[in-house]
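K.L.:
Dropping in run22.txt, which is compact mmCIF, C-alpha atoms:
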# COMPACT_ATOMS: atom_id res chain seq x y z
CA MET A 1 -29.52 -29.04 0.95
CA LYS A 2 -26.41 -30.05 2.90
CA LYS A 3 -24.49 -30.41 -0.33
CA THR A 4 -25.50 -26.88 -1.36
CA ILE A 5 -24.38 -25.52 1.99
CA LYS A 6 -21.01 -27.22 1.66
CA ILE A 7 -20.48 -25.85 -1.82
CA GLY A 8 -21.46 -22.36 -0.66
CA PHE A 9 -19.09 -22.61 2.27
CA VAL A 10 -16.20 -23.66 0.06
CA ILE A 11 -16.88 -20.87 -2.43
CA GLY A 12 -17.02 -18.40 0.45
CA VAL A 13 -13.66 -19.59 1.77
CA ILE A 14 -12.13 -19.29 -1.71
CA LEU A 15 -13.44 -15.77 -2.20
CA LEU A 16 -12.29 -14.76 1.26
CA MET A 17 -8.81 -16.03 0.53
CA ALA A 18 -8.72 -14.22 -2.81
CA GLN A 19 -9.79 -10.94 -1.24
CA SER A 20 -7.38 -11.18 1.68
CA THR A 21 -4.40 -11.30 -0.66
CA TRP A 22 -5.04 -7.71 -1.74
CA ALA A 23 -5.42 -5.83 1.53
CA LEU A 24 -2.49 -4.19 3.28
CA PRO A 25 -2.84 -5.02 6.99
CA ILE A 26 -2.67 -1.33 7.96
CA VAL A 27 -5.72 -0.02 9.82
CA ALA A 28 -6.67 3.66 9.55
CA GLY A 29 -8.87 5.48 12.00
CA GLY A 30 -9.75 8.66 13.85
CA ILE A 31 -8.27 9.98 17.10
CA GLY A 32 -7.81 7.10 19.51
CA THR A 33 -8.39 4.45 16.85
CA GLY A 34 -6.44 2.87 14.04
CA ASP A 35 -2.78 1.88 13.95
CA THR A 36 0.00 4.05 15.31
CA VAL A 37 3.50 3.99 13.81
CA THR A 38 6.97 5.43 14.17
CA MET A 39 9.15 6.59 11.27
CA ASN A 40 12.91 5.97 11.21
CA ASN A 41 15.80 5.64 8.79
CA THR A 42 16.43 2.19 7.39
CA ASP A 43 19.33 -0.14 6.71
CA ASP A 44 19.51 1.08 3.08
CA THR A 45 16.61 -1.15 2.05
CA ALA A 46 14.58 1.99 1.28
CA MET A 47 14.50 5.58 2.46
CA TYR A 48 12.53 5.02 5.66
CA LYS A 49 11.06 2.31 7.83
CA MET A 50 7.55 2.55 9.25
CA THR A 51 7.11 0.40 12.35
CA LYS A 52 3.80 -0.26 14.06
CA THR A 53 3.67 0.70 17.74
CA GLY A 54 -0.02 0.17 18.42
CA GLY A 55 -3.33 -0.94 16.94
CA THR A 56 -4.54 -4.20 15.44
CA GLY A 57 -3.15 -6.72 12.99
CA ALA A 58 0.08 -8.65 12.74
CA TRP A 59 2.40 -6.49 10.60
CA SER A 60 5.40 -4.91 12.28
CA GLU A 61 7.16 -2.74 9.70
CA TYR A 62 7.18 -1.46 6.13
CA TYR A 63 9.91 0.09 4.03
CA THR A 64 8.68 3.37 2.62
CA PHE A 65 9.35 6.47 0.52
CA CYS A 66 7.99 9.96 1.16
CA LEU A 67 5.34 11.16 -1.24
CA GLU A 68 5.43 14.83 -0.23
CA SER A 69 8.67 16.81 -0.13
CA SER A 70 7.18 19.89 1.53
CA VAL A 71 6.00 18.08 4.68
CA SER A 72 8.34 16.36 7.11
CA PHE A 73 8.16 14.18 10.20
CA TRP A 74 10.24 13.68 13.33
CA ARG A 75 12.05 10.38 13.53
CA GLY A 76 11.09 8.25 16.50
CA TYR A 77 7.74 9.98 17.15
CA ASN A 78 4.42 8.17 17.16
CA TYR A 79 1.93 8.97 14.37
CA ARG A 80 -1.56 7.77 13.65
CA VAL A 81 -2.59 6.24 10.34
CA GLY A 82 -5.24 8.71 9.22
CA SER A 83 -6.07 6.93 5.97
CA VAL A 84 -4.76 4.40 3.47
CA GLU A 85 -5.69 5.49 -0.04
CA ASP A 86 -4.67 5.62 -3.70
CA TYR A 87 -3.72 9.26 -3.11
CA ALA A 88 -1.63 11.43 -0.79
CA THR A 89 -3.44 14.12 1.18
CA HIS A 90 -0.60 16.32 2.45
CA GLY A 91 1.90 18.73 0.99
CA GLY A 92 2.04 19.34 -2.74
CA PRO A 93 -0.66 20.16 -5.30
CA ASP A 94 -3.41 17.61 -5.78
CA ASN A 95 -3.31 15.31 -8.80
CA GLN A 96 -0.35 17.12 -10.35
CA GLY A 97 2.70 15.61 -12.00
CA PRO A 98 3.84 14.38 -15.41
CA TYR A 99 1.88 11.13 -15.07
CA ASN A 100 -0.90 11.94 -12.61
CA ASN A 101 -4.04 11.61 -14.71
CA ASP A 102 -7.05 10.64 -12.63
CA PRO A 103 -10.24 11.09 -14.71
CA ASN A 104 -12.33 11.76 -11.58
CA TRP A 105 -10.08 14.49 -10.21
CA VAL A 106 -11.76 17.59 -8.79
CA SER A 107 -9.66 20.71 -8.31
CA GLY A 108 -8.96 21.44 -4.65
CA ASP A 109 -10.01 18.02 -3.33
CA ASN A 110 -6.56 17.44 -1.76
CA LYS A 111 -6.26 14.06 -3.45
CA ASP A 112 -2.84 13.70 -5.07
CA TYR A 113 -3.32 10.36 -6.82
CA LEU A 114 -0.45 7.91 -7.24
CA SER A 115 0.60 7.47 -10.84
CA ASP A 116 1.13 4.02 -12.34
CA GLU A 117 4.73 5.06 -13.00
CA THR A 118 5.24 5.71 -9.29
CA LYS A 119 3.79 2.30 -8.46
CA TRP A 120 6.00 0.67 -11.10
CA LEU A 121 9.13 2.31 -9.70
CA PHE A 122 8.28 1.26 -6.14
CA ALA A 123 7.60 -2.33 -7.23
CA SER A 124 10.76 -2.47 -9.34
CA TYR A 125 12.88 -1.14 -6.49
CA THR A 126 11.33 -3.55 -3.99
CA ASN A 127 11.93 -6.49 -6.34
CA ASP A 128 15.61 -5.65 -6.74
CA PRO A 129 16.80 -2.89 -4.37
CA GLY A 130 20.44 -3.63 -5.14
CA SER A 131 20.01 -2.27 -8.67
CA TYR A 132 18.75 1.13 -7.53
CA ASP A 133 19.92 3.98 -5.35
CA ALA A 134 17.28 4.73 -2.70
CA TRP A 135 17.88 8.48 -2.71
CA GLU A 136 17.63 8.65 -6.50
CA VAL A 137 14.38 6.69 -6.34
CA GLN A 138 13.09 9.09 -3.69
CA GLN A 139 13.85 12.14 -5.86
CA THR A 140 12.28 10.46 -8.89
CA ILE A 141 9.10 9.69 -6.95
CA TRP A 142 8.90 13.35 -5.95
CA TRP A 143 9.27 14.34 -9.60
CA LEU A 144 6.58 11.87 -10.70
CA GLU A 145 4.29 13.33 -8.04
CA ASP A 146 5.20 16.94 -8.95
CA GLU A 147 6.96 17.78 -5.69
CA ASP A 148 9.40 20.68 -5.24
CA LYS A 149 12.45 18.49 -4.58
CA GLY A 150 11.78 16.12 -7.46
CA ASP A 151 14.51 15.34 -9.99
CA ASP A 152 13.78 13.89 -13.43
CA SER A 153 17.42 13.20 -14.36
CA PHE A 154 17.24 9.59 -13.15
CA TRP A 155 13.96 8.60 -14.84
CA SER A 156 15.53 8.08 -18.25
CA SER A 157 17.92 5.49 -16.79
CA TYR A 158 15.05 3.30 -15.58
CA ASP A 159 13.74 0.67 -17.97
CA PHE A 160 10.08 1.61 -17.74
CA ASN A 161 9.42 1.44 -21.48
CA ALA A 162 10.42 -2.23 -21.52
CA VAL A 163 7.79 -3.26 -18.97
CA GLY A 164 5.19 -4.11 -21.63
CA ASP A 165 1.84 -4.79 -19.97
CA LEU A 166 1.86 -2.52 -16.91
CA ASP A 167 -1.34 -4.01 -15.47
CA ALA A 168 0.19 -7.49 -15.64
CA PHE A 169 3.40 -6.24 -14.03
CA LEU A 170 1.50 -4.67 -11.12
CA ALA A 171 -0.89 -7.63 -10.68
CA GLY A 172 -0.61 -8.89 -7.13
CA TRP A 173 0.90 -5.62 -5.87
CA ASP A 174 -1.00 -3.58 -3.30
CA ILE A 175 0.67 -0.15 -3.32
CA LYS A 176 -0.92 2.67 -1.36
CA ALA A 177 -0.34 6.06 0.21
CA VAL A 178 -0.41 5.86 4.00
CA ASN A 179 -1.43 9.33 5.21
CA LEU A 180 -0.06 9.99 8.69
CA VAL A 181 -1.25 12.50 11.28
CA TYR A 182 0.12 13.68 14.62
CA ASP A 183 -2.31 13.85 17.56
CA TYR A 184 -1.74 16.58 20.17
CA GLN A 185 -3.45 18.64 22.85
CA SER A 186 -4.07 22.39 22.46
CA ASN A 187 -5.99 24.51 25.00
CA GLY A 188 -7.47 21.37 26.47
CA GLN A 189 -8.70 20.13 23.10
CA GLN A 190 -7.56 17.08 21.18
CA LYS A 191 -6.34 18.03 17.72
CA GLU A 192 -4.54 16.46 14.79
CA TRP A 193 -1.84 17.72 12.47
CA GLU A 194 -1.28 16.26 9.02
CA ILE A 195 2.33 15.10 8.86
CA GLN A 196 3.37 13.11 5.81
CA SER A 197 2.18 10.61 3.24
CA GLN A 198 4.26 7.46 2.85
CA LEU A 199 4.41 5.16 -0.18
CA VAL A 200 4.14 1.55 0.96
CA GLY A 201 3.30 -1.74 -0.69
CA SER A 202 3.44 -5.49 -0.60
CA TYR A 203 3.31 -8.25 -3.17
CA ASN A 204 0.69 -10.92 -2.64
CA PRO A 205 0.14 -12.90 -5.84
CA VAL A 206 -3.50 -13.78 -6.40
CA PRO A 207 -3.96 -17.50 -7.13
CA GLU A 208 -4.86 -18.32 -10.72
CA PRO A 209 -8.50 -19.38 -11.33
CA ALA A 210 -7.45 -22.95 -12.15
CA THR A 211 -5.56 -23.21 -8.88
CA MET A 212 -8.56 -21.93 -6.93
CA ILE A 213 -10.86 -24.43 -8.66
CA LEU A 214 -8.55 -27.33 -7.80
CA PHE A 215 -8.35 -26.10 -4.22
CA GLY A 216 -12.14 -25.99 -4.02
CA ILE A 217 -12.48 -29.50 -5.46
CA GLY A 218 -10.00 -30.73 -2.88
CA LEU A 219 -12.00 -29.22 -0.04
CA LEU A 220 -15.19 -30.76 -1.38
CA GLY A 221 -13.45 -34.13 -1.54
CA ILE A 222 -12.32 -33.86 2.07
CA ALA A 223 -15.84 -32.89 3.13
CA GLY A 224 -17.25 -35.90 1.24
CA MET A 225 -14.81 -38.31 2.92
CA GLY A 226 -15.79 -36.98 6.31
CA ARG A 227 -19.46 -37.52 5.54
CA LYS A 228 -18.85 -41.13 4.47
CA LYS A 229 -17.00 -41.87 7.70
CA ILE A 230 -19.89 -40.50 9.76
CA LYS A 231 -22.35 -42.74 7.85
Show the structure stored in the file as C-alpha cells.

P.N.:
Amino acid sequence: MKKTIKIGFVIGVILLMAQSTWALPIVAGGIGTGDTVTMNNTDDTAMYKMTKTGGTGAWSEYYTFCLESSVSFWRGYNYRVGSVEDYATHGGPDNQGPYNNDPNWVSGDNKDYLSDETKWLFASYTNDPGSYDAWEVQQTIWWLEDEDKGDDSFWSSYDFNAVGDLDAFLAGWDIKAVNLVYDYQSNGQQKEWEIQSQLVGSYNPVPEPATMILFGIGLLGIAGMGRKKIK
C-alpha cells in the first residue's frame, strides 16, 4: 500500500510539473480581482512592456504587441487583466484575417482568434529580436489579425514557409491574448471599459517523456533509500 502511495505521489508531482510549464503566470479576474498592469514603451525589445502592479504570482513584466489597432491605451495607467485567452476581445472584427480560421467560430461572438502565423511571428521575433524591426512586426500582426493599420508588405520577407512542422516549432510556447480593461466610477457605480488586447508569450520547454521517466525513477530511488534508513 505504501509503495502504491509513493508511486502515485511521484506521478502526481511529475504531472504537476509538466502542467506548470504551460501556464502563463497572469491571473485574470473581475472588478477587484485578478492582476493589474501598466503599459509603457520598451527599450526596443518589443513594441510595449506590460508590468504587473498588483495581484498574485511572481512575474513582473512581459514584452508585448498590440492585437487591435482601433483601440488604444494610456501609458502609465493601471489596467486589470480581464481575461487571458486564445482570442482578442476588443477592437476589430472577430475571427477575421488572412489566416484566422477557427472551426468553432460563431459570428458576433467577439472572439478574434490568434492565427498560428501570428504566434509564429511572435515566437520568431522573441527568439531573435535583433533580426526584426519591432514596428514592422507590429504592422504585420495587425495585418494577420485583419486590423485597419495592418501592412502585408513585410510578410513576404519573413521565412515562414521554411518553418516546416509548425506544431513542433511552437511546442513549448504559451502565446496568448491578454485582454485588458479599465475600471472606473460613473454615477456612483463601478464600471469597466475594454481597453486593448496584448499579445504575450513565454517559452517553457516541456520535458521529454524519457526525461520525466528518469526523473520519476530517481525520486522513487530516493524514497526507497529513506525507507531503508528508517528500518

K.L.:
Within 8 Å of segment 155-162 of chain A, counting all atoms listed in the file, which residues show up once you throw out same-chain ones fewer than 2 positions away? Write them as JSON, numbers by chain, please.

P.N.:
{"A": [117, 120, 140, 152, 153, 164]}

K.L.:
Measuring between only C-alpha atoms, which one of A:Tyr79, A:Trp105, A:Tyr132, A:Trp74 shows the shortest distance to Thr51 of chain A?

P.N.:
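Using only C-alpha atoms, Thr51 of chain A sits closest to A:Tyr79.
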
K.L.:
What lies within 12 Å of Ser115 of chain A using all atoms listed in the file, ignoring chain neighbours under 2 positions off, as number ranges by chain?

P.N.:
A: 67, 86-88, 95-102, 112-113, 117-122, 141-146, 166, 175-177, 199

K.L.:
Could the residues in this selection be written to a file with C-alpha atoms, as an mmCIF file, keeping the file's coordinate frame?

P.N.:
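result-v4.cif written:
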data_model
loop_
_atom_site.group_PDB
_atom_site.id
_atom_site.type_symbol
_atom_site.label_atom_id
_atom_site.label_comp_id
_atom_site.auth_asym_id
_atom_site.auth_seq_id
_atom_site.Cartn_x
_atom_site.Cartn_y
_atom_site.Cartn_z
ATOM 1 C CA LEU A 67 5.340 11.160 -1.240
ATOM 2 C CA ASP A 86 -4.670 5.620 -3.700
ATOM 3 C CA TYR A 87 -3.720 9.260 -3.110
ATOM 4 C CA ALA A 88 -1.630 11.430 -0.790
ATOM 5 C CA ASN A 95 -3.310 15.310 -8.800
ATOM 6 C CA GLN A 96 -0.350 17.120 -10.350
ATOM 7 C CA GLY A 97 2.700 15.610 -12.000
ATOM 8 C CA PRO A 98 3.840 14.380 -15.410
ATOM 9 C CA TYR A 99 1.880 11.130 -15.070
ATOM 10 C CA ASN A 100 -0.900 11.940 -12.610
ATOM 11 C CA ASN A 101 -4.040 11.610 -14.710
ATOM 12 C CA ASP A 102 -7.050 10.640 -12.630
ATOM 13 C CA ASP A 112 -2.840 13.700 -5.070
ATOM 14 C CA TYR A 113 -3.320 10.360 -6.820
ATOM 15 C CA GLU A 117 4.730 5.060 -13.000
ATOM 16 C CA THR A 118 5.240 5.710 -9.290
ATOM 17 C CA LYS A 119 3.790 2.300 -8.460
ATOM 18 C CA TRP A 120 6.000 0.670 -11.100
ATOM 19 C CA LEU A 121 9.130 2.310 -9.700
ATOM 20 C CA PHE A 122 8.280 1.260 -6.140
ATOM 21 C CA ILE A 141 9.100 9.690 -6.950
ATOM 22 C CA TRP A 142 8.900 13.350 -5.950
ATOM 23 C CA TRP A 143 9.270 14.340 -9.600
ATOM 24 C CA LEU A 144 6.580 11.870 -10.700
ATOM 25 C CA GLU A 145 4.290 13.330 -8.040
ATOM 26 C CA ASP A 146 5.200 16.940 -8.950
ATOM 27 C CA LEU A 166 1.860 -2.520 -16.910
ATOM 28 C CA ILE A 175 0.670 -0.150 -3.320
ATOM 29 C CA LYS A 176 -0.920 2.670 -1.360
ATOM 30 C CA ALA A 177 -0.340 6.060 0.210
ATOM 31 C CA LEU A 199 4.410 5.160 -0.180
#

K.L.:
If I take atom CA of Thr36 of chain A and atom CA of Val181 of chain A, how far is one from the other in Å, to one decimal?

P.N.:
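Going from atom CA of Thr36 of chain A over to atom CA of Val181 of chain A covers 9.4 Å.
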
K.L.:
I'd like a table as JSON lines: residues in segment 27-85 of chain A with an atom no more than 10 Å from segment 182-192 of chain A, each row giving the shortest atom pair and its distance in Å to one decimal, only C-alpha atoms counted, sorted by chain and rising residue number.

P.N.:
{"residue": "A:Gly30", "atom": "CA", "partner": "A:Glu192", "partner_atom": "CA", "distance": 9.4}
{"residue": "A:Ile31", "atom": "CA", "partner": "A:Asp183", "partner_atom": "CA", "distance": 7.1}
{"residue": "A:Gly32", "atom": "CA", "partner": "A:Asp183", "partner_atom": "CA", "distance": 8.9}
{"residue": "A:Thr36", "atom": "CA", "partner": "A:Tyr182", "partner_atom": "CA", "distance": 9.7}
{"residue": "A:Phe73", "atom": "CA", "partner": "A:Tyr182", "partner_atom": "CA", "distance": 9.2}
{"residue": "A:Tyr77", "atom": "CA", "partner": "A:Tyr182", "partner_atom": "CA", "distance": 8.8}
{"residue": "A:Asn78", "atom": "CA", "partner": "A:Tyr182", "partner_atom": "CA", "distance": 7.4}
{"residue": "A:Tyr79", "atom": "CA", "partner": "A:Tyr182", "partner_atom": "CA", "distance": 5.1}
{"residue": "A:Arg80", "atom": "CA", "partner": "A:Tyr182", "partner_atom": "CA", "distance": 6.2}
{"residue": "A:Val81", "atom": "CA", "partner": "A:Tyr182", "partner_atom": "CA", "distance": 9.0}
{"residue": "A:Gly82", "atom": "CA", "partner": "A:Tyr182", "partner_atom": "CA", "distance": 9.1}
